[in-house]
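Novice: Have a look at the structure that comes next, please.
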Amino acid sequence: MLKRFLAYYKPHKTLFILDMLASLAVALVGVVYPIVTRSMLNDLIPNKKWELIIFFGMLLLGLYFVRMLLNFFIQYKGHLMGIRMQAQMRSDLFAHLEKLPFSFFDANETGKIMSRMTSDLQEITELAHHGPENLIICSISIVISFTYLTTINWKLSLIVFACVPLLILVSAITRQKMRKAFQRRREAMATINGALQSSIAGIRVTKAFTNANMEQDKFEIGNKDFIDSSMDSYHAMATFHSSTSFITDIFNVVILIAGGIFLYAGEINFADYSAFIVSISLFLNPVNTLIRFMEQYQNGVAGFERFIAIMDTKPEEDDENAEDAGILSGRIEFRNVVSGYDDGPDVLHGIDLTVDKGKTFALVGPSGGGKTTICHLIPNFYEIREGSILLDGKDLTRLTRQSVRKNIGIVQQDVYLFNASIRDNILYGKPDATEEEVLEAAKRANIHDFVTSLENGYDTVIGERGVRLSGGQKQRLCIARVFLKNPPILILDEATSALDNTTEILIQRALDELCKGRTTLVVAHRLSTIKNADEIAVISGGKITEQGNHEDLLTLGGTYKRLYEQQFRDDVEIIAEEY
């Protein structure tokens with residue numbers, strides 16, 4: 001872990017060296033004062049050398065001015081280095097997240113991932129800046145100060161130094177508990193972020209069902225866990241600091257008693273004893289700094305561990321011999337495909353189906369039967385456990401994921417739109433498209449007239465998840481995006497099931513236009529929308545139980561016929577009620 005952390009310093013090596021040199025210079029300037037104090041007490045004041053007293057006083061003033069400039073450099077440039085390292089880590093983390101499989105996001109809440117991108121990396125930044133400064137410079141300062149103290153009286157210095165092992169022992173005992181406590185506190189904070197993100201994203205549902213109190217209760221569970229974990233972490237921190245502070249207080253007692261005995265025995269004169277007391281702060285200050293640094297160190301290490309936990313998550317990887325799919329014609333074959341999610345049971349059991357180029361293949365059946373899973377396997381969103389999937393006769397695993405996905409357009413029931421302009425959302429299908437191509441895609445999706453009626457037209461910002469648009473408008477915008485992408489394979493996963501009848505008819509016209517000349521896989525709830533499909537398969541329990549065209553399946557008199565007749569009766573009743 002340390003090697004991976006240090007790697008982020010490499011791009012900033014020059015700035016890091018300058019920061020360390022500046023910190024070392026600040027530490028050395030601190031040594032000058034006790035040296036001058038000892039010289040004044042032993043020589044300059046007793047011998048009334050007033051000119052040298054003034055000279056050394058002005059020299060100290062000048063050095064303190066230089067130290068002020070050095071401290072400014074350390075605080076500004078040092079933190080700037082930390083921010084740049086944080087930005088690089090954030091870029092690496094985001095790039096890695098983009099490569100992770102769907103299963104990772106199925107198992108991890110958005111809020112928890114965001115906490116790793118924000119608060120965790122902030123703690124790492126502080127560690128990146130102050131860590132080397134505290135560890136390296138304080139260590140050097142301790143060595144220099146101890147060496148200087150030995151020049152005053154080596155016996156008294158050794159007595160003081162003998163207390164150091166006790167300090168190290170106490171720190172080691174209490175540090176481990178503090179580390180575990182702060183790790184749990186981080187996890188509790190991530191849980192709060194997850195709950196907050198979920199509640200804010202679903203605020204309209206909460207208000208519609210007047211369940212604010214329930215959301216408050218759910219949030220308070222995480223909030224209480226955070227308080228409890230914070231209590232544990234601060235208890236561990238208080239134990240650490242109080243114990244180590246007590247040890248440093250022992251230093252002062254030892255100096256007072258041992259120094260008094262040495263002074264009484266003539267082992268040291270009063271001036272050197274006074275200088276020793278002044279100089280001991282040079283030794284104790286960096287020791288205390290290291291002690292205070294432990295809290296920051298625990299936070300930073302906990303944050304970095306959570307950072308690398310994601311970075312070590314295995315990304316989607318293409319076969320080493322995978323080739324670019326190029327532009328596919330659109331033939332799809334499933335051969336005895338078995339699949340499931342993570343370590344769960346199989347969802348699909350021996351699926352065999354073929355969709356010829358330019359044909360429409362519909363999937364119907366009860367919820368949870370495996371229809372959407374089949375759709376997810378074609379773009380290689382999830383791995384299959386057995387069997388094979390072929391695109392244009394080529395094994396899906398032998399093709400790069402990116403090249404396959406470029407050939408596939410997806411329109412789902414749950415449309416995701418970005419908090420950007422209408423133009424930017426359409427351009428997501430083809431970022432380098434011309435304005436004419438964008439307008440043509442919008443016209444073919446039957447949304448151009450609506451967009452031009454808006455005050456800002458295509459520059460209208462639609463809000464988070466397209467909240468300022470109706471369901472039908474969002475669907476048409478998504479369809480325009482796919483029109484612009486112009487893929488040879490199209491997947492429609494219950495694209496109209498959440499719409500009213502009138503809007504569905506409008507969207508269906510756009511979808512019919514979109515399907516022309518493309519291989520289309522349709523998951524449909526309303527069978528009336530897919531009765532003209534070239535082939536229909538009934539999926540139940542992860543298996544294909546019936547397959548054929550609309551007329552064949554009605555003649556078969558099985559599940560499809562029962563579903564169709566049931567929906568037909570429902571539609572007739574609805575029409576009767578309306579009239």
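Chain labels run A, B, ... following the order of the structure tokens; each chain numbers its residues from 1, and ligands are numbered from 1 in the order shown.
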Applying 10 Å and only C-alpha atoms, which residues near Phe334 in chain A remain after dropping the ones on its own chain fewer than 5 positions away? List them as a VMD selection string.
Specialist: chain A and resid 350 to 355 374 377 to 378 387 to 391
Novice: How would the residues just picked look written out with all heavy atoms as an mmCIF file, in the first residue's frame?
Specialist:
data_model
loop_
_atom_site.group_PDB
_atom_site.id
_atom_site.type_symbol
_atom_site.label_atom_id
_atom_site.label_comp_id
_atom_site.auth_asym_id
_atom_site.auth_seq_id
_atom_site.Cartn_x
_atom_site.Cartn_y
_atom_site.Cartn_z
ATOM 1 N N GLY A 350 -30.327 -22.629 -20.140
ATOM 2 C CA GLY A 350 -30.259 -23.214 -21.470
ATOM 3 C C GLY A 350 -31.057 -22.475 -22.531
ATOM 4 O O GLY A 350 -31.879 -23.071 -23.226
ATOM 5 N N ILE A 351 -30.847 -21.174 -22.649
ATOM 6 C CA ILE A 351 -31.576 -20.363 -23.634
ATOM 7 C C ILE A 351 -30.989 -20.574 -25.033
ATOM 8 O O ILE A 351 -29.783 -20.397 -25.252
ATOM 9 C CB ILE A 351 -31.519 -18.869 -23.267
ATOM 10 C CG1 ILE A 351 -32.250 -18.613 -21.945
ATOM 11 C CG2 ILE A 351 -32.120 -18.011 -24.387
ATOM 12 C CD1 ILE A 351 -33.736 -18.877 -22.002
ATOM 13 N N ASP A 352 -31.843 -20.919 -25.986
ATOM 14 C CA ASP A 352 -31.467 -21.037 -27.399
ATOM 15 C C ASP A 352 -32.409 -20.163 -28.221
ATOM 16 O O ASP A 352 -33.640 -20.363 -28.170
ATOM 17 C CB ASP A 352 -31.585 -22.490 -27.883
ATOM 18 C CG ASP A 352 -30.476 -23.382 -27.350
ATOM 19 O OD1 ASP A 352 -29.322 -23.178 -27.756
ATOM 20 O OD2 ASP A 352 -30.777 -24.270 -26.524
ATOM 21 N N LEU A 353 -31.840 -19.194 -28.921
ATOM 22 C CA LEU A 353 -32.674 -18.374 -29.795
ATOM 23 C C LEU A 353 -31.799 -17.757 -30.882
ATOM 24 O O LEU A 353 -30.591 -17.586 -30.711
ATOM 25 C CB LEU A 353 -33.425 -17.296 -29.017
ATOM 26 C CG LEU A 353 -32.640 -16.219 -28.249
ATOM 27 C CD1 LEU A 353 -32.222 -15.055 -29.142
ATOM 28 C CD2 LEU A 353 -33.471 -15.704 -27.080
ATOM 29 N N THR A 354 -32.427 -17.432 -32.010
ATOM 30 C CA THR A 354 -31.715 -16.808 -33.132
ATOM 31 C C THR A 354 -32.543 -15.651 -33.670
ATOM 32 O O THR A 354 -33.754 -15.791 -33.892
ATOM 33 C CB THR A 354 -31.474 -17.822 -34.264
ATOM 34 O OG1 THR A 354 -30.675 -18.899 -33.774
ATOM 35 C CG2 THR A 354 -30.739 -17.155 -35.425
ATOM 36 N N VAL A 355 -31.894 -14.507 -33.839
ATOM 37 C CA VAL A 355 -32.533 -13.332 -34.427
ATOM 38 C C VAL A 355 -31.760 -12.988 -35.692
ATOM 39 O O VAL A 355 -30.586 -12.612 -35.630
ATOM 40 C CB VAL A 355 -32.534 -12.133 -33.461
ATOM 41 C CG1 VAL A 355 -33.366 -11.001 -34.038
ATOM 42 C CG2 VAL A 355 -33.054 -12.531 -32.089
ATOM 43 N N ILE A 374 -31.666 -11.416 -20.563
ATOM 44 C CA ILE A 374 -31.263 -11.706 -21.941
ATOM 45 C C ILE A 374 -30.791 -10.431 -22.625
ATOM 46 O O ILE A 374 -29.755 -10.420 -23.311
ATOM 47 C CB ILE A 374 -32.434 -12.346 -22.718
ATOM 48 C CG1 ILE A 374 -32.728 -13.744 -22.166
ATOM 49 C CG2 ILE A 374 -32.138 -12.406 -24.216
ATOM 50 C CD1 ILE A 374 -33.946 -14.415 -22.783
ATOM 51 N N LEU A 377 -27.288 -9.367 -21.555
ATOM 52 C CA LEU A 377 -26.177 -10.224 -21.989
ATOM 53 C C LEU A 377 -25.662 -9.849 -23.377
ATOM 54 O O LEU A 377 -24.487 -10.042 -23.672
ATOM 55 C CB LEU A 377 -26.603 -11.690 -21.971
ATOM 56 C CG LEU A 377 -26.912 -12.301 -20.600
ATOM 57 C CD1 LEU A 377 -27.301 -13.767 -20.755
ATOM 58 C CD2 LEU A 377 -25.725 -12.161 -19.654
ATOM 59 N N ILE A 378 -26.521 -9.318 -24.230
ATOM 60 C CA ILE A 378 -26.098 -8.996 -25.597
ATOM 61 C C ILE A 378 -25.010 -7.916 -25.616
ATOM 62 O O ILE A 378 -24.010 -8.054 -26.330
ATOM 63 C CB ILE A 378 -27.311 -8.592 -26.457
ATOM 64 C CG1 ILE A 378 -28.287 -9.771 -26.546
ATOM 65 C CG2 ILE A 378 -26.870 -8.170 -27.863
ATOM 66 C CD1 ILE A 378 -29.589 -9.432 -27.241
ATOM 67 N N GLY A 387 -22.546 -21.940 -22.163
ATOM 68 C CA GLY A 387 -23.055 -21.658 -23.490
ATOM 69 C C GLY A 387 -22.291 -20.536 -24.163
ATOM 70 O O GLY A 387 -21.180 -20.168 -23.747
ATOM 71 N N SER A 388 -22.888 -19.968 -25.192
ATOM 72 C CA SER A 388 -22.225 -18.892 -25.945
ATOM 73 C C SER A 388 -23.256 -17.996 -26.604
ATOM 74 O O SER A 388 -24.394 -18.400 -26.867
ATOM 75 C CB SER A 388 -21.287 -19.489 -27.007
ATOM 76 O OG SER A 388 -22.017 -20.293 -27.928
ATOM 77 N N ILE A 389 -22.839 -16.763 -26.855
ATOM 78 C CA ILE A 389 -23.640 -15.785 -27.588
ATOM 79 C C ILE A 389 -22.830 -15.360 -28.805
ATOM 80 O O ILE A 389 -21.652 -14.995 -28.680
ATOM 81 C CB ILE A 389 -23.974 -14.564 -26.715
ATOM 82 C CG1 ILE A 389 -24.776 -14.990 -25.476
ATOM 83 C CG2 ILE A 389 -24.758 -13.526 -27.513
ATOM 84 C CD1 ILE A 389 -25.026 -13.868 -24.492
ATOM 85 N N LEU A 390 -23.456 -15.408 -29.966
ATOM 86 C CA LEU A 390 -22.763 -15.075 -31.212
ATOM 87 C C LEU A 390 -23.387 -13.837 -31.841
ATOM 88 O O LEU A 390 -24.618 -13.707 -31.892
ATOM 89 C CB LEU A 390 -22.834 -16.239 -32.207
ATOM 90 C CG LEU A 390 -22.355 -17.619 -31.735
ATOM 91 C CD1 LEU A 390 -22.489 -18.641 -32.851
ATOM 92 C CD2 LEU A 390 -20.910 -17.550 -31.247
ATOM 93 N N LEU A 391 -22.556 -12.932 -32.309
ATOM 94 C CA LEU A 391 -22.980 -11.775 -33.082
ATOM 95 C C LEU A 391 -22.339 -11.893 -34.456
ATOM 96 O O LEU A 391 -21.101 -11.914 -34.564
ATOM 97 C CB LEU A 391 -22.556 -10.469 -32.398
ATOM 98 C CG LEU A 391 -23.130 -10.205 -30.998
ATOM 99 C CD1 LEU A 391 -22.609 -8.873 -30.462
ATOM 100 C CD2 LEU A 391 -24.651 -10.212 -31.020
#
Novice: Write out as an MDAnalysis selection string the residues lying within 7 Å of Ala537 in chain A, counting only C-alpha atoms and excluding same-chain residues fewer than 4 positions away.
Specialist: chainID A and resid 362:364 544 546:548
Novice: Keeping N, CA and C atoms, export the residues of the selection given above as an mmCIF file, in the first residue's frame.
Specialist:
data_model
loop_
_atom_site.group_PDB
_atom_site.id
_atom_site.type_symbol
_atom_site.label_atom_id
_atom_site.label_comp_id
_atom_site.auth_asym_id
_atom_site.auth_seq_id
_atom_site.Cartn_x
_atom_site.Cartn_y
_atom_site.Cartn_z
ATOM 1 N N ALA A 362 -39.404 -10.631 -30.203
ATOM 2 C CA ALA A 362 -40.040 -10.127 -28.984
ATOM 3 C C ALA A 362 -39.951 -11.148 -27.853
ATOM 4 N N LEU A 363 -39.767 -10.646 -26.651
ATOM 5 C CA LEU A 363 -39.737 -11.477 -25.444
ATOM 6 C C LEU A 363 -40.896 -11.073 -24.555
ATOM 7 N N VAL A 364 -41.723 -12.032 -24.185
ATOM 8 C CA VAL A 364 -42.852 -11.753 -23.297
ATOM 9 C C VAL A 364 -42.854 -12.784 -22.180
ATOM 10 N N ILE A 544 -37.276 -20.690 -22.328
ATOM 11 C CA ILE A 544 -38.216 -20.388 -23.402
ATOM 12 C C ILE A 544 -39.263 -21.501 -23.416
ATOM 13 N N GLU A 546 -42.441 -21.120 -24.997
ATOM 14 C CA GLU A 546 -43.165 -21.091 -26.270
ATOM 15 C C GLU A 546 -42.426 -20.173 -27.235
ATOM 16 N N GLN A 547 -42.509 -20.477 -28.545
ATOM 17 C CA GLN A 547 -41.820 -19.638 -29.511
ATOM 18 C C GLN A 547 -42.510 -19.751 -30.873
ATOM 19 N N GLY A 548 -42.653 -18.637 -31.563
ATOM 20 C CA GLY A 548 -43.262 -18.593 -32.888
ATOM 21 C C GLY A 548 -43.767 -17.201 -33.162
#
Novice: Give me, as CSV, each residue of range 193-290 of chain A that comes within 10 Å of range 21-34 of chain A, together with its shortest interatomic pair and the distance in Å at one decimal, counting only C-alpha atoms, with rows ordered by chain and rising residue number.
Specialist:
residue,atom,partner,partner_atom,distance
A:Ser274,CA,A:Pro34,CA,9.6
A:Ala275,CA,A:Pro34,CA,6.2
A:Phe276,CA,A:Pro34,CA,8.1
A:Ile277,CA,A:Pro34,CA,9.2
A:Val278,CA,A:Pro34,CA,6.1
A:Ser279,CA,A:Pro34,CA,5.3
A:Ile280,CA,A:Pro34,CA,9.1
A:Ser281,CA,A:Pro34,CA,9.4
A:Leu282,CA,A:Val31,CA,7.0
A:Pro286,CA,A:Ala27,CA,9.3
Novice: Please list as a list in words every residue within 12 Å of Asn321 in chain A, counting only C-alpha atoms and excluding residues in the same chain fewer than 4 positions away.
Specialist: Glu317, Asp395, Thr397, Arg398, Leu399 and Thr400 of chain A
Novice: Could you write out that same residue set with N, CA and C atoms as a PDB file, in the first residue's frame?
Specialist:
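And here is the file that came out, part-v4.pdb:
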ATOM      1  N   GLU A 317     -12.753  -6.885 -18.376  1.00  0.00           N
ATOM      2  CA  GLU A 317     -11.563  -7.150 -19.177  1.00  0.00           C
ATOM      3  C   GLU A 317     -11.929  -7.954 -20.414  1.00  0.00           C
ATOM      4  N   ASP A 395     -18.146 -15.219 -31.573  1.00  0.00           N
ATOM      5  CA  ASP A 395     -18.373 -15.360 -30.136  1.00  0.00           C
ATOM      6  C   ASP A 395     -18.230 -14.003 -29.455  1.00  0.00           C
ATOM      7  N   THR A 397     -17.509 -13.166 -26.497  1.00  0.00           N
ATOM      8  CA  THR A 397     -16.336 -13.020 -25.639  1.00  0.00           C
ATOM      9  C   THR A 397     -15.057 -12.775 -26.437  1.00  0.00           C
ATOM     10  N   ARG A 398     -15.115 -12.989 -27.741  1.00  0.00           N
ATOM     11  CA  ARG A 398     -13.944 -12.762 -28.595  1.00  0.00           C
ATOM     12  C   ARG A 398     -13.955 -11.378 -29.224  1.00  0.00           C
ATOM     13  N   LEU A 399     -14.939 -10.572 -28.851  1.00  0.00           N
ATOM     14  CA  LEU A 399     -15.056  -9.213 -29.366  1.00  0.00           C
ATOM     15  C   LEU A 399     -14.867  -8.217 -28.225  1.00  0.00           C
ATOM     16  N   THR A 400     -14.259  -7.080 -28.500  1.00  0.00           N
ATOM     17  CA  THR A 400     -14.083  -6.073 -27.459  1.00  0.00           C
ATOM     18  C   THR A 400     -15.434  -5.498 -27.069  1.00  0.00           C
TER      19      THR A 400
END
Novice: As a PyMOL selection string, which residues of range 285-516 of chain A does DSSP assign to helix (DSSP H, G or I)?
Specialist: chain A and resi 285-311+371-377+396-398+401-405+422-427+435-444+448-453+457-459+464-466+471-485+501-515
Novice: Would you please extract all strand (DSSP E or B) residues from range 413-526 of chain A, as assigned by DSSP on the backbone, and give them as a PyMOL selection string?
Specialist: chain A and resi 421+461+489-493+519-523
